[in-house]
file start-v7.txt (compact mmCIF, N, CA, C and O atoms)
# COMPACT_ATOMS: atom_id res chain seq x y z
N ALA A 1 -131.04 -49.02 -28.80
CA ALA A 1 -130.95 -48.50 -27.45
C ALA A 1 -132.34 -48.17 -26.90
O ALA A 1 -132.61 -48.41 -25.73
N TRP A 2 -133.22 -47.63 -27.74
CA TRP A 2 -134.57 -47.29 -27.26
C TRP A 2 -135.35 -48.55 -26.90
O TRP A 2 -136.08 -48.58 -25.91
N GLY A 3 -135.17 -49.60 -27.70
CA GLY A 3 -135.86 -50.86 -27.42
C GLY A 3 -135.37 -51.49 -26.13
O GLY A 3 -136.17 -51.99 -25.32
N ALA A 4 -134.06 -51.46 -25.91
CA ALA A 4 -133.50 -52.01 -24.67
C ALA A 4 -133.97 -51.19 -23.47
O ALA A 4 -134.29 -51.74 -22.41
N GLY A 5 -134.02 -49.89 -23.62
CA GLY A 5 -134.51 -49.04 -22.53
C GLY A 5 -135.97 -49.31 -22.21
O GLY A 5 -136.36 -49.39 -21.04
N ALA A 6 -136.79 -49.47 -23.25
CA ALA A 6 -138.21 -49.77 -23.03
C ALA A 6 -138.38 -51.14 -22.38
O ALA A 6 -139.22 -51.30 -21.48
N LEU A 7 -137.59 -52.12 -22.80
CA LEU A 7 -137.66 -53.44 -22.20
C LEU A 7 -137.24 -53.39 -20.73
O LEU A 7 -137.89 -53.99 -19.86
N GLY A 8 -136.18 -52.67 -20.43
CA GLY A 8 -135.75 -52.51 -19.04
C GLY A 8 -136.81 -51.81 -18.21
O GLY A 8 -137.07 -52.19 -17.06
N PHE A 9 -137.47 -50.81 -18.79
CA PHE A 9 -138.55 -50.11 -18.10
C PHE A 9 -139.70 -51.06 -17.78
O PHE A 9 -140.21 -51.08 -16.66
N LEU A 10 -140.09 -51.89 -18.73
CA LEU A 10 -141.19 -52.85 -18.51
C LEU A 10 -140.81 -53.90 -17.48
O LEU A 10 -141.63 -54.25 -16.61
N PHE A 11 -139.60 -54.43 -17.55
CA PHE A 11 -139.17 -55.41 -16.55
C PHE A 11 -139.14 -54.80 -15.15
O PHE A 11 -139.57 -55.41 -14.18
N ALA A 12 -138.62 -53.59 -15.04
CA ALA A 12 -138.54 -52.94 -13.73
C ALA A 12 -139.93 -52.69 -13.17
O ALA A 12 -140.18 -52.91 -11.98
N LEU A 13 -140.85 -52.25 -14.00
CA LEU A 13 -142.22 -52.01 -13.53
C LEU A 13 -142.92 -53.30 -13.14
O LEU A 13 -143.69 -53.33 -12.18
N SER A 14 -142.64 -54.39 -13.86
CA SER A 14 -143.33 -55.64 -13.55
C SER A 14 -142.81 -56.27 -12.28
O SER A 14 -143.56 -56.89 -11.54
N PHE A 15 -141.51 -56.12 -11.97
CA PHE A 15 -140.96 -56.77 -10.78
C PHE A 15 -141.11 -55.92 -9.53
O PHE A 15 -141.45 -56.43 -8.47
N CYS A 16 -140.85 -54.63 -9.62
CA CYS A 16 -140.94 -53.79 -8.44
C CYS A 16 -141.16 -52.34 -8.88
O CYS A 16 -140.21 -51.67 -9.30
N PRO A 17 -142.37 -51.85 -8.77
CA PRO A 17 -142.63 -50.47 -9.22
C PRO A 17 -141.82 -49.42 -8.44
O PRO A 17 -141.41 -48.41 -9.01
N VAL A 18 -141.57 -49.65 -7.16
CA VAL A 18 -140.79 -48.68 -6.38
C VAL A 18 -139.36 -48.63 -6.89
O VAL A 18 -138.77 -47.55 -7.05
N SER A 19 -138.78 -49.79 -7.16
CA SER A 19 -137.43 -49.83 -7.69
C SER A 19 -137.36 -49.16 -9.06
O SER A 19 -136.40 -48.45 -9.37
N ALA A 20 -138.40 -49.38 -9.87
CA ALA A 20 -138.44 -48.72 -11.18
C ALA A 20 -138.50 -47.22 -11.03
O ALA A 20 -137.82 -46.48 -11.75
N ALA A 21 -139.31 -46.74 -10.08
CA ALA A 21 -139.41 -45.30 -9.87
C ALA A 21 -138.08 -44.73 -9.40
O ALA A 21 -137.67 -43.65 -9.85
N LEU A 22 -137.41 -45.44 -8.49
CA LEU A 22 -136.10 -44.96 -8.03
C LEU A 22 -135.08 -44.96 -9.17
O LEU A 22 -134.29 -44.03 -9.30
N PHE A 23 -135.09 -46.02 -9.97
CA PHE A 23 -134.11 -46.12 -11.05
C PHE A 23 -134.34 -45.06 -12.11
O PHE A 23 -133.44 -44.28 -12.45
N PHE A 24 -135.58 -45.01 -12.64
CA PHE A 24 -135.84 -44.10 -13.75
C PHE A 24 -136.11 -42.67 -13.29
O PHE A 24 -135.88 -41.73 -14.03
N GLY A 25 -136.60 -42.50 -12.06
CA GLY A 25 -136.95 -41.16 -11.60
C GLY A 25 -135.83 -40.42 -10.90
O GLY A 25 -135.79 -39.20 -10.94
N SER A 26 -134.93 -41.15 -10.25
CA SER A 26 -133.86 -40.43 -9.55
C SER A 26 -132.46 -40.84 -9.97
O SER A 26 -131.57 -40.01 -10.02
N LEU A 27 -132.25 -42.12 -10.26
CA LEU A 27 -130.89 -42.54 -10.63
C LEU A 27 -130.50 -42.04 -12.02
O LEU A 27 -129.40 -41.51 -12.19
N LEU A 28 -131.37 -42.19 -13.00
CA LEU A 28 -130.99 -41.76 -14.34
C LEU A 28 -130.77 -40.26 -14.44
O LEU A 28 -129.78 -39.84 -15.06
N PRO A 29 -131.60 -39.40 -13.83
CA PRO A 29 -131.24 -37.98 -13.84
C PRO A 29 -129.91 -37.69 -13.13
O PRO A 29 -129.15 -36.83 -13.57
N LEU A 30 -129.63 -38.43 -12.06
CA LEU A 30 -128.36 -38.26 -11.36
C LEU A 30 -127.19 -38.69 -12.25
O LEU A 30 -126.15 -38.04 -12.28
N VAL A 31 -127.38 -39.79 -12.99
CA VAL A 31 -126.35 -40.26 -13.92
C VAL A 31 -126.07 -39.19 -14.98
O VAL A 31 -124.92 -38.91 -15.32
N LEU A 32 -127.14 -38.60 -15.50
CA LEU A 32 -126.95 -37.56 -16.52
C LEU A 32 -126.27 -36.33 -15.94
O LEU A 32 -125.42 -35.72 -16.59
N ALA A 33 -126.62 -35.95 -14.73
CA ALA A 33 -126.02 -34.77 -14.11
C ALA A 33 -124.56 -35.01 -13.75
O ALA A 33 -123.73 -34.11 -13.89
N GLU A 34 -124.24 -36.20 -13.28
CA GLU A 34 -122.87 -36.51 -12.85
C GLU A 34 -122.00 -37.05 -13.98
O GLU A 34 -120.82 -37.26 -13.78
N ARG A 35 -122.60 -37.32 -15.11
CA ARG A 35 -121.89 -37.91 -16.26
C ARG A 35 -121.15 -39.18 -15.86
O ARG A 35 -119.96 -39.36 -16.11
N SER A 36 -121.88 -40.06 -15.18
CA SER A 36 -121.32 -41.33 -14.73
C SER A 36 -122.21 -42.46 -15.25
O SER A 36 -123.01 -43.01 -14.50
N PRO A 37 -122.07 -42.82 -16.52
CA PRO A 37 -122.99 -43.79 -17.09
C PRO A 37 -122.76 -45.23 -16.63
O PRO A 37 -123.61 -46.08 -16.85
N PHE A 38 -121.66 -45.52 -15.96
CA PHE A 38 -121.40 -46.89 -15.55
C PHE A 38 -121.41 -47.07 -14.03
O PHE A 38 -122.05 -47.98 -13.51
N LEU A 39 -120.71 -46.22 -13.31
CA LEU A 39 -120.50 -46.43 -11.88
C LEU A 39 -121.78 -46.36 -11.06
O LEU A 39 -122.05 -47.25 -10.25
N LEU A 40 -122.59 -45.32 -11.24
CA LEU A 40 -123.80 -45.19 -10.44
C LEU A 40 -124.82 -46.29 -10.73
O LEU A 40 -125.36 -46.88 -9.78
N PRO A 41 -125.12 -46.63 -12.00
CA PRO A 41 -126.05 -47.74 -12.22
C PRO A 41 -125.50 -49.08 -11.71
O PRO A 41 -126.25 -49.91 -11.21
N ALA A 42 -124.19 -49.27 -11.80
CA ALA A 42 -123.61 -50.51 -11.29
C ALA A 42 -123.75 -50.58 -9.77
O ALA A 42 -124.10 -51.63 -9.22
N ALA A 43 -123.50 -49.48 -9.08
CA ALA A 43 -123.66 -49.45 -7.63
C ALA A 43 -125.12 -49.69 -7.24
O ALA A 43 -125.41 -50.41 -6.28
N PHE A 44 -126.05 -49.09 -7.98
CA PHE A 44 -127.48 -49.32 -7.73
C PHE A 44 -127.83 -50.79 -7.93
O PHE A 44 -128.53 -51.39 -7.12
N GLY A 45 -127.34 -51.37 -9.00
CA GLY A 45 -127.62 -52.78 -9.28
C GLY A 45 -127.07 -53.70 -8.21
O GLY A 45 -127.76 -54.62 -7.76
N VAL A 46 -125.85 -53.46 -7.78
CA VAL A 46 -125.25 -54.29 -6.72
C VAL A 46 -126.02 -54.11 -5.42
O VAL A 46 -126.34 -55.08 -4.72
N GLY A 47 -126.35 -52.87 -5.09
CA GLY A 47 -127.06 -52.60 -3.85
C GLY A 47 -128.44 -53.23 -3.80
O GLY A 47 -128.89 -53.69 -2.75
N THR A 48 -129.13 -53.26 -4.92
CA THR A 48 -130.46 -53.88 -4.93
C THR A 48 -130.38 -55.39 -5.07
O THR A 48 -131.32 -56.08 -4.68
N ALA A 49 -129.29 -55.91 -5.59
CA ALA A 49 -129.17 -57.35 -5.78
C ALA A 49 -128.66 -58.08 -4.55
O ALA A 49 -128.96 -59.27 -4.36
N LEU A 50 -127.89 -57.41 -3.69
CA LEU A 50 -127.29 -58.09 -2.54
C LEU A 50 -128.32 -58.72 -1.59
O LEU A 50 -128.16 -59.89 -1.22
N PRO A 51 -129.37 -58.02 -1.16
CA PRO A 51 -130.34 -58.67 -0.27
C PRO A 51 -131.04 -59.86 -0.92
O PRO A 51 -131.27 -60.89 -0.28
N VAL A 52 -131.35 -59.73 -2.20
CA VAL A 52 -132.00 -60.84 -2.91
C VAL A 52 -131.04 -62.01 -3.02
O VAL A 52 -131.43 -63.17 -2.81
N ALA A 53 -129.78 -61.74 -3.33
CA ALA A 53 -128.80 -62.81 -3.45
C ALA A 53 -128.56 -63.50 -2.11
O ALA A 53 -128.42 -64.73 -2.05
N ALA A 54 -128.53 -62.73 -1.03
CA ALA A 54 -128.34 -63.33 0.30
C ALA A 54 -129.51 -64.23 0.67
O ALA A 54 -129.31 -65.35 1.17
N ALA A 55 -130.72 -63.78 0.42
CA ALA A 55 -131.89 -64.61 0.71
C ALA A 55 -131.91 -65.85 -0.17
O ALA A 55 -132.22 -66.96 0.29
N ALA A 56 -131.57 -65.70 -1.45
CA ALA A 56 -131.53 -66.84 -2.36
C ALA A 56 -130.46 -67.84 -1.94
O ALA A 56 -130.68 -69.06 -2.00
N ALA A 57 -129.30 -67.35 -1.51
CA ALA A 57 -128.24 -68.25 -1.07
C ALA A 57 -128.66 -69.01 0.19
O ALA A 57 -128.39 -70.21 0.32
N ALA A 58 -129.35 -68.32 1.10
CA ALA A 58 -129.82 -69.00 2.32
C ALA A 58 -130.85 -70.06 1.99
O ALA A 58 -130.83 -71.16 2.54
N ILE A 59 -131.74 -69.77 1.05
CA ILE A 59 -132.76 -70.75 0.67
C ILE A 59 -132.12 -71.90 -0.09
O ILE A 59 -132.48 -73.06 0.10
N ALA A 60 -131.14 -71.58 -0.95
CA ALA A 60 -130.47 -72.63 -1.72
C ALA A 60 -129.67 -73.56 -0.81
O ALA A 60 -129.51 -74.74 -1.10
N ALA A 61 -129.15 -73.03 0.29
CA ALA A 61 -128.39 -73.85 1.22
C ALA A 61 -129.29 -74.83 1.96
O ALA A 61 -128.80 -75.76 2.59
N GLY A 62 -130.55 -74.59 1.88
CA GLY A 62 -131.50 -75.51 2.52
C GLY A 62 -132.34 -74.82 3.56
O GLY A 62 -132.01 -73.73 4.05
N ALA A 63 -133.42 -75.45 3.88
CA ALA A 63 -134.36 -74.88 4.85
C ALA A 63 -133.71 -74.74 6.22
O ALA A 63 -133.98 -73.78 6.95
N ASP A 64 -132.85 -75.69 6.59
CA ASP A 64 -132.20 -75.61 7.90
C ASP A 64 -131.27 -74.40 7.99
O ASP A 64 -131.26 -73.69 9.00
N ALA A 65 -130.51 -74.17 6.94
CA ALA A 65 -129.60 -73.02 6.94
C ALA A 65 -130.39 -71.72 6.96
O ALA A 65 -130.03 -70.78 7.66
N ALA A 66 -131.48 -71.66 6.19
CA ALA A 66 -132.31 -70.46 6.18
C ALA A 66 -132.92 -70.23 7.56
O ALA A 66 -132.97 -69.09 8.03
N ALA A 67 -133.34 -71.29 8.22
CA ALA A 67 -133.90 -71.16 9.56
C ALA A 67 -132.85 -70.65 10.54
O ALA A 67 -133.15 -69.83 11.41
N ARG A 68 -131.60 -71.14 10.40
CA ARG A 68 -130.53 -70.66 11.28
C ARG A 68 -130.25 -69.18 11.06
O ARG A 68 -130.03 -68.43 12.02
N VAL A 69 -130.25 -68.74 9.80
CA VAL A 69 -130.01 -67.33 9.50
C VAL A 69 -131.11 -66.46 10.09
O VAL A 69 -130.85 -65.45 10.73
N PHE A 70 -132.35 -66.89 9.91
CA PHE A 70 -133.47 -66.10 10.43
C PHE A 70 -133.52 -66.15 11.95
O PHE A 70 -133.91 -65.18 12.60
N GLU A 71 -133.11 -67.26 12.56
CA GLU A 71 -133.05 -67.34 14.01
C GLU A 71 -131.95 -66.43 14.56
O GLU A 71 -132.13 -65.78 15.60
N ALA A 72 -130.83 -66.35 13.86
CA ALA A 72 -129.76 -65.43 14.27
C ALA A 72 -130.25 -63.98 14.17
O ALA A 72 -129.95 -63.16 15.04
N ALA A 73 -131.02 -63.68 13.13
CA ALA A 73 -131.57 -62.33 13.01
C ALA A 73 -132.55 -62.05 14.13
O ALA A 73 -132.60 -60.93 14.66
N ARG A 74 -133.32 -63.05 14.54
CA ARG A 74 -134.25 -62.86 15.64
C ARG A 74 -133.49 -62.62 16.94
O ARG A 74 -133.87 -61.79 17.77
N GLY A 75 -132.38 -63.34 17.15
CA GLY A 75 -131.55 -63.12 18.33
C GLY A 75 -130.95 -61.72 18.34
O GLY A 75 -130.88 -61.07 19.39
N LEU A 76 -130.53 -61.24 17.18
CA LEU A 76 -130.01 -59.88 17.06
C LEU A 76 -131.10 -58.87 17.39
O LEU A 76 -130.86 -57.86 18.06
N ASP A 77 -132.31 -59.17 16.95
CA ASP A 77 -133.43 -58.27 17.18
C ASP A 77 -133.78 -58.16 18.66
O ASP A 77 -134.25 -57.11 19.10
N ARG A 78 -133.53 -59.21 19.43
CA ARG A 78 -133.86 -59.21 20.85
C ARG A 78 -133.12 -58.14 21.63
O ARG A 78 -133.64 -57.60 22.59
N TRP A 79 -131.88 -57.84 21.26
CA TRP A 79 -131.15 -56.79 21.97
C TRP A 79 -131.11 -55.49 21.17
O TRP A 79 -130.93 -54.42 21.75
N ALA A 80 -131.29 -55.54 19.85
CA ALA A 80 -131.21 -54.32 19.03
C ALA A 80 -132.40 -53.40 19.29
O ALA A 80 -132.23 -52.18 19.34
N ARG A 81 -133.58 -53.95 19.45
CA ARG A 81 -134.75 -53.10 19.69
C ARG A 81 -134.65 -52.35 21.02
O ARG A 81 -134.84 -51.14 21.05
N PRO A 82 -134.38 -53.05 22.13
CA PRO A 82 -134.24 -52.29 23.38
C PRO A 82 -133.09 -51.28 23.35
O PRO A 82 -133.21 -50.17 23.89
N ALA A 83 -131.98 -51.64 22.70
CA ALA A 83 -130.85 -50.72 22.63
C ALA A 83 -131.20 -49.49 21.81
O ALA A 83 -130.89 -48.35 22.21
N SER A 84 -131.85 -49.68 20.68
CA SER A 84 -132.23 -48.52 19.88
C SER A 84 -133.30 -47.70 20.58
O SER A 84 -133.29 -46.47 20.52
N GLY A 85 -134.22 -48.36 21.29
CA GLY A 85 -135.22 -47.63 22.07
C GLY A 85 -134.58 -46.79 23.16
O GLY A 85 -134.95 -45.62 23.37
N ALA A 86 -133.62 -47.37 23.87
CA ALA A 86 -132.92 -46.62 24.92
C ALA A 86 -132.16 -45.44 24.33
O ALA A 86 -132.15 -44.34 24.90
N GLY A 87 -131.54 -45.66 23.19
CA GLY A 87 -130.82 -44.56 22.54
C GLY A 87 -131.76 -43.44 22.12
O GLY A 87 -131.44 -42.26 22.28
N LEU A 88 -132.92 -43.79 21.58
CA LEU A 88 -133.88 -42.76 21.17
C LEU A 88 -134.45 -42.02 22.38
O LEU A 88 -134.64 -40.80 22.34
N ILE A 89 -134.71 -42.75 23.47
CA ILE A 89 -135.19 -42.08 24.69
C ILE A 89 -134.12 -41.14 25.24
O ILE A 89 -134.41 -40.01 25.65
N ALA A 90 -132.87 -41.58 25.23
CA ALA A 90 -131.77 -40.72 25.72
C ALA A 90 -131.62 -39.49 24.83
O ALA A 90 -131.48 -38.37 25.35
N ALA A 91 -131.68 -39.67 23.53
CA ALA A 91 -131.55 -38.52 22.64
C ALA A 91 -132.73 -37.57 22.81
O ALA A 91 -132.55 -36.34 22.84
N GLY A 92 -133.94 -38.10 22.94
CA GLY A 92 -135.11 -37.25 23.15
C GLY A 92 -135.06 -36.52 24.47
O GLY A 92 -135.43 -35.34 24.56
N SER A 93 -134.59 -37.20 25.51
CA SER A 93 -134.46 -36.54 26.82
C SER A 93 -133.43 -35.42 26.76
O SER A 93 -133.66 -34.33 27.29
N TYR A 94 -132.30 -35.67 26.12
CA TYR A 94 -131.26 -34.66 25.98
C TYR A 94 -131.79 -33.44 25.22
O TYR A 94 -131.61 -32.30 25.63
N TRP A 95 -132.47 -33.71 24.09
CA TRP A 95 -133.00 -32.62 23.28
C TRP A 95 -134.06 -31.84 24.07
O TRP A 95 -134.07 -30.61 24.05
N THR A 96 -134.95 -32.55 24.75
CA THR A 96 -135.99 -31.89 25.53
C THR A 96 -135.38 -31.02 26.61
O THR A 96 -135.80 -29.87 26.81
N TRP A 97 -134.39 -31.52 27.33
CA TRP A 97 -133.77 -30.75 28.40
C TRP A 97 -133.05 -29.52 27.85
O TRP A 97 -133.26 -28.41 28.31
N ASN A 98 -132.19 -29.71 26.87
CA ASN A 98 -131.36 -28.61 26.37
C ASN A 98 -132.13 -27.57 25.56
O ASN A 98 -131.75 -26.40 25.57
N HIS A 99 -133.16 -27.97 24.85
CA HIS A 99 -133.81 -27.03 23.95
C HIS A 99 -135.17 -26.55 24.45
O HIS A 99 -135.67 -25.55 23.94
N LEU A 100 -135.77 -27.25 25.39
CA LEU A 100 -137.07 -26.83 25.87
C LEU A 100 -137.07 -26.44 27.34
O LEU A 100 -137.53 -25.36 27.70
N LEU A 101 -136.57 -27.33 28.19
CA LEU A 101 -136.67 -27.09 29.63
C LEU A 101 -135.60 -26.14 30.16
O LEU A 101 -135.90 -25.24 30.94
N ALA A 102 -134.35 -26.31 29.78
CA ALA A 102 -133.27 -25.48 30.30
C ALA A 102 -133.47 -24.00 29.99
O ALA A 102 -133.31 -23.16 30.86
N PRO A 103 -133.87 -23.61 28.76
CA PRO A 103 -134.10 -22.18 28.52
C PRO A 103 -135.26 -21.62 29.34
O PRO A 103 -135.20 -20.47 29.78
N VAL A 104 -136.29 -22.42 29.56
CA VAL A 104 -137.43 -21.95 30.34
C VAL A 104 -137.03 -21.78 31.80
O VAL A 104 -137.37 -20.77 32.45
N LEU A 105 -136.28 -22.74 32.36
CA LEU A 105 -135.87 -22.68 33.75
C LEU A 105 -134.82 -21.58 33.99
O LEU A 105 -134.73 -21.04 35.09
N ALA A 106 -134.03 -21.27 32.97
CA ALA A 106 -132.99 -20.25 33.12
C ALA A 106 -133.58 -18.85 33.19
O ALA A 106 -132.94 -17.93 33.72
N GLY A 107 -134.75 -18.67 32.68
CA GLY A 107 -135.40 -17.36 32.73
C GLY A 107 -135.17 -16.54 31.48
O GLY A 107 -134.38 -16.91 30.61
N PRO A 108 -135.80 -15.38 31.41
CA PRO A 108 -135.74 -14.58 30.18
C PRO A 108 -134.38 -13.90 29.93
O PRO A 108 -134.01 -13.67 28.80
N GLY A 109 -133.62 -13.60 30.94
CA GLY A 109 -132.37 -12.89 30.73
C GLY A 109 -131.16 -13.79 30.51
O GLY A 109 -130.08 -13.32 30.20
N ALA A 110 -131.31 -15.08 30.64
CA ALA A 110 -130.16 -15.98 30.59
C ALA A 110 -129.78 -16.38 29.21
O ALA A 110 -130.23 -16.32 28.23

call {"tool": "encode", "arguments": {"input": "start-v7.txt", "output": "structure tokens"}}
result
Amino acid sequence: AWGAGALGFLFALSFCPVSAALFFGSLLPLVLAERSPFLLPAAFGVGTALPVAAAAAAIAAGADAAARVFEAARGLDRWARPASGAGLIAAGSYWTWNHLLAPVLAGPGA
């Protein structure tokens, strides 16, 4: 078990140091605290593998399919950025009005 753990540690560090830090620094203590030796590591593995598998599947389907996927993402980005910007401006305006301007305009006794 110690050898397998050391090998997993070396593989994780060689492929992605951030993923290794998340796995060994936060997931394993959480597994020990929750006493869930299978479910949490399996969920972590699936969650980290899905984006890689999707990109690999798009590349395996061919350059044309990968280009279509990335073009669709670019089309999504064309409306997602302005929509998220408008949402953030609306939320900031609401917060500014309710928490900064309205109390000042209402006066000290209100």

call {"tool": "atom_distance", "arguments": {"input": "start-v7.txt", "atom1": "atom O of Ala49 in chain A", "atom2": "CA of Ala21 in chain A"}}
result
18.3 Å

call {"tool": "atom_distance", "arguments": {"input": "start-v7.txt", "atom1": "CA of Pro103 in chain A", "atom2": "CA of Ala86 in chain A"}}
result
24.7 Å

call {"tool": "select_by_dssp", "arguments": {"input": "start-v7.txt", "residues": "chain A", "states": "alpha helix (DSSP H)", "output": "number ranges by chain"}}
result
A: 2-15, 17-22, 28-34, 39-60, 63-96, 102-106

call {"tool": "residues_around", "arguments": {"input": "start-v7.txt", "residues": "range 53-57 of chain A", "least_positions_apart": "5", "cutoff": "7 Å", "atoms": "all atoms listed in the file", "output": "list in words"}}
result
Thr48, Gly62 and Ala66 of chain A

call {"tool": "axis_aligned_box", "arguments": {"input": "start-v7.txt", "around": "range 92-101 of chain A", "padding_each_side": "4 Å", "output": "AutoDock Vina command-line options"}}
result
--center_x -134.4 --center_y -31.7 --center_z 26.9 --size_x 14.3 --size_y 20.9 --size_z 16.0

call {"tool": "atom_distance", "arguments": {"input": "start-v7.txt", "atom1": "CA of Leu27 in chain A", "atom2": "CA of Phe44 in chain A"}}
result
8.1 Å

call {"tool": "decode", "arguments": {"input": "start-v7.txt", "residues": "range 41-60 of chain A", "atoms": "N, CA, C and O atoms", "output": "PDB file, in the first residue's frame"}}
result
ATOM      1  N   PRO A  41     -12.988   9.799  -3.410  1.00  0.00           N
ATOM      2  CA  PRO A  41     -11.940   9.709  -4.438  1.00  0.00           C
ATOM      3  C   PRO A  41     -12.501   9.363  -5.817  1.00  0.00           C
ATOM      4  O   PRO A  41     -12.001   9.853  -6.834  1.00  0.00           O
ATOM      5  N   ALA A  42     -13.555   8.558  -5.866  1.00  0.00           N
ATOM      6  CA  ALA A  42     -14.152   8.228  -7.161  1.00  0.00           C
ATOM      7  C   ALA A  42     -14.783   9.468  -7.786  1.00  0.00           C
ATOM      8  O   ALA A  42     -14.627   9.715  -8.988  1.00  0.00           O
ATOM      9  N   ALA A  43     -15.480  10.268  -6.992  1.00  0.00           N
ATOM     10  CA  ALA A  43     -16.079  11.501  -7.510  1.00  0.00           C
ATOM     11  C   ALA A  43     -14.995  12.470  -7.977  1.00  0.00           C
ATOM     12  O   ALA A  43     -15.139  13.123  -9.019  1.00  0.00           O
ATOM     13  N   PHE A  44     -13.901  12.574  -7.226  1.00  0.00           N
ATOM     14  CA  PHE A  44     -12.778  13.424  -7.633  1.00  0.00           C
ATOM     15  C   PHE A  44     -12.189  12.936  -8.954  1.00  0.00           C
ATOM     16  O   PHE A  44     -11.923  13.723  -9.856  1.00  0.00           O
ATOM     17  N   GLY A  45     -12.002  11.643  -9.071  1.00  0.00           N
ATOM     18  CA  GLY A  45     -11.442  11.078 -10.301  1.00  0.00           C
ATOM     19  C   GLY A  45     -12.330  11.317 -11.505  1.00  0.00           C
ATOM     20  O   GLY A  45     -11.851  11.706 -12.573  1.00  0.00           O
ATOM     21  N   VAL A  46     -13.628  11.110 -11.345  1.00  0.00           N
ATOM     22  CA  VAL A  46     -14.561  11.341 -12.453  1.00  0.00           C
ATOM     23  C   VAL A  46     -14.582  12.825 -12.813  1.00  0.00           C
ATOM     24  O   VAL A  46     -14.532  13.197 -13.993  1.00  0.00           O
ATOM     25  N   GLY A  47     -14.622  13.686 -11.806  1.00  0.00           N
ATOM     26  CA  GLY A  47     -14.672  15.118 -12.056  1.00  0.00           C
ATOM     27  C   GLY A  47     -13.439  15.648 -12.763  1.00  0.00           C
ATOM     28  O   GLY A  47     -13.521  16.541 -13.602  1.00  0.00           O
ATOM     29  N   THR A  48     -12.276  15.103 -12.441  1.00  0.00           N
ATOM     30  CA  THR A  48     -11.062  15.562 -13.105  1.00  0.00           C
ATOM     31  C   THR A  48     -10.864  14.890 -14.458  1.00  0.00           C
ATOM     32  O   THR A  48     -10.167  15.434 -15.312  1.00  0.00           O
ATOM     33  N   ALA A  49     -11.475  13.741 -14.667  1.00  0.00           N
ATOM     34  CA  ALA A  49     -11.295  13.034 -15.932  1.00  0.00           C
ATOM     35  C   ALA A  49     -12.261  13.485 -17.019  1.00  0.00           C
ATOM     36  O   ALA A  49     -11.949  13.374 -18.209  1.00  0.00           O
ATOM     37  N   LEU A  50     -13.434  13.992 -16.646  1.00  0.00           N
ATOM     38  CA  LEU A  50     -14.436  14.354 -17.649  1.00  0.00           C
ATOM     39  C   LEU A  50     -13.958  15.411 -18.658  1.00  0.00           C
ATOM     40  O   LEU A  50     -14.134  15.213 -19.865  1.00  0.00           O
ATOM     41  N   PRO A  51     -13.359  16.530 -18.234  1.00  0.00           N
ATOM     42  CA  PRO A  51     -12.904  17.500 -19.236  1.00  0.00           C
ATOM     43  C   PRO A  51     -11.825  16.935 -20.160  1.00  0.00           C
ATOM     44  O   PRO A  51     -11.821  17.198 -21.365  1.00  0.00           O
ATOM     45  N   VAL A  52     -10.934  16.134 -19.604  1.00  0.00           N
ATOM     46  CA  VAL A  52      -9.882  15.524 -20.422  1.00  0.00           C
ATOM     47  C   VAL A  52     -10.490  14.538 -21.399  1.00  0.00           C
ATOM     48  O   VAL A  52     -10.122  14.499 -22.581  1.00  0.00           O
ATOM     49  N   ALA A  53     -11.449  13.744 -20.945  1.00  0.00           N
ATOM     50  CA  ALA A  53     -12.097  12.773 -21.821  1.00  0.00           C
ATOM     51  C   ALA A  53     -12.881  13.464 -22.926  1.00  0.00           C
ATOM     52  O   ALA A  53     -12.877  13.010 -24.079  1.00  0.00           O
ATOM     53  N   ALA A  54     -13.549  14.568 -22.600  1.00  0.00           N
ATOM     54  CA  ALA A  54     -14.308  15.300 -23.624  1.00  0.00           C
ATOM     55  C   ALA A  54     -13.374  15.875 -24.684  1.00  0.00           C
ATOM     56  O   ALA A  54     -13.659  15.782 -25.883  1.00  0.00           O
ATOM     57  N   ALA A  55     -12.271  16.465 -24.264  1.00  0.00           N
ATOM     58  CA  ALA A  55     -11.311  17.004 -25.234  1.00  0.00           C
ATOM     59  C   ALA A  55     -10.694  15.888 -26.059  1.00  0.00           C
ATOM     60  O   ALA A  55     -10.527  16.025 -27.284  1.00  0.00           O
ATOM     61  N   ALA A  56     -10.368  14.764 -25.438  1.00  0.00           N
ATOM     62  CA  ALA A  56      -9.797  13.632 -26.164  1.00  0.00           C
ATOM     63  C   ALA A  56     -10.793  13.061 -27.165  1.00  0.00           C
ATOM     64  O   ALA A  56     -10.426  12.704 -28.287  1.00  0.00           O
ATOM     65  N   ALA A  57     -12.061  12.977 -26.777  1.00  0.00           N
ATOM     66  CA  ALA A  57     -13.082  12.471 -27.693  1.00  0.00           C
ATOM     67  C   ALA A  57     -13.255  13.407 -28.884  1.00  0.00           C
ATOM     68  O   ALA A  57     -13.403  12.953 -30.024  1.00  0.00           O
ATOM     69  N   ALA A  58     -13.213  14.715 -28.627  1.00  0.00           N
ATOM     70  CA  ALA A  58     -13.339  15.675 -29.728  1.00  0.00           C
ATOM     71  C   ALA A  58     -12.154  15.577 -30.676  1.00  0.00           C
ATOM     72  O   ALA A  58     -12.317  15.617 -31.902  1.00  0.00           O
ATOM     73  N   ILE A  59     -10.960  15.403 -30.137  1.00  0.00           N
ATOM     74  CA  ILE A  59      -9.776  15.285 -30.982  1.00  0.00           C
ATOM     75  C   ILE A  59      -9.791  13.957 -31.728  1.00  0.00           C
ATOM     76  O   ILE A  59      -9.434  13.890 -32.903  1.00  0.00           O
ATOM     77  N   ALA A  60     -10.238  12.889 -31.046  1.00  0.00           N
ATOM     78  CA  ALA A  60     -10.292  11.581 -31.697  1.00  0.00           C
ATOM     79  C   ALA A  60     -11.314  11.563 -32.825  1.00  0.00           C
ATOM     80  O   ALA A  60     -11.159  10.845 -33.808  1.00  0.00           O
TER      81      ALA A  60
END
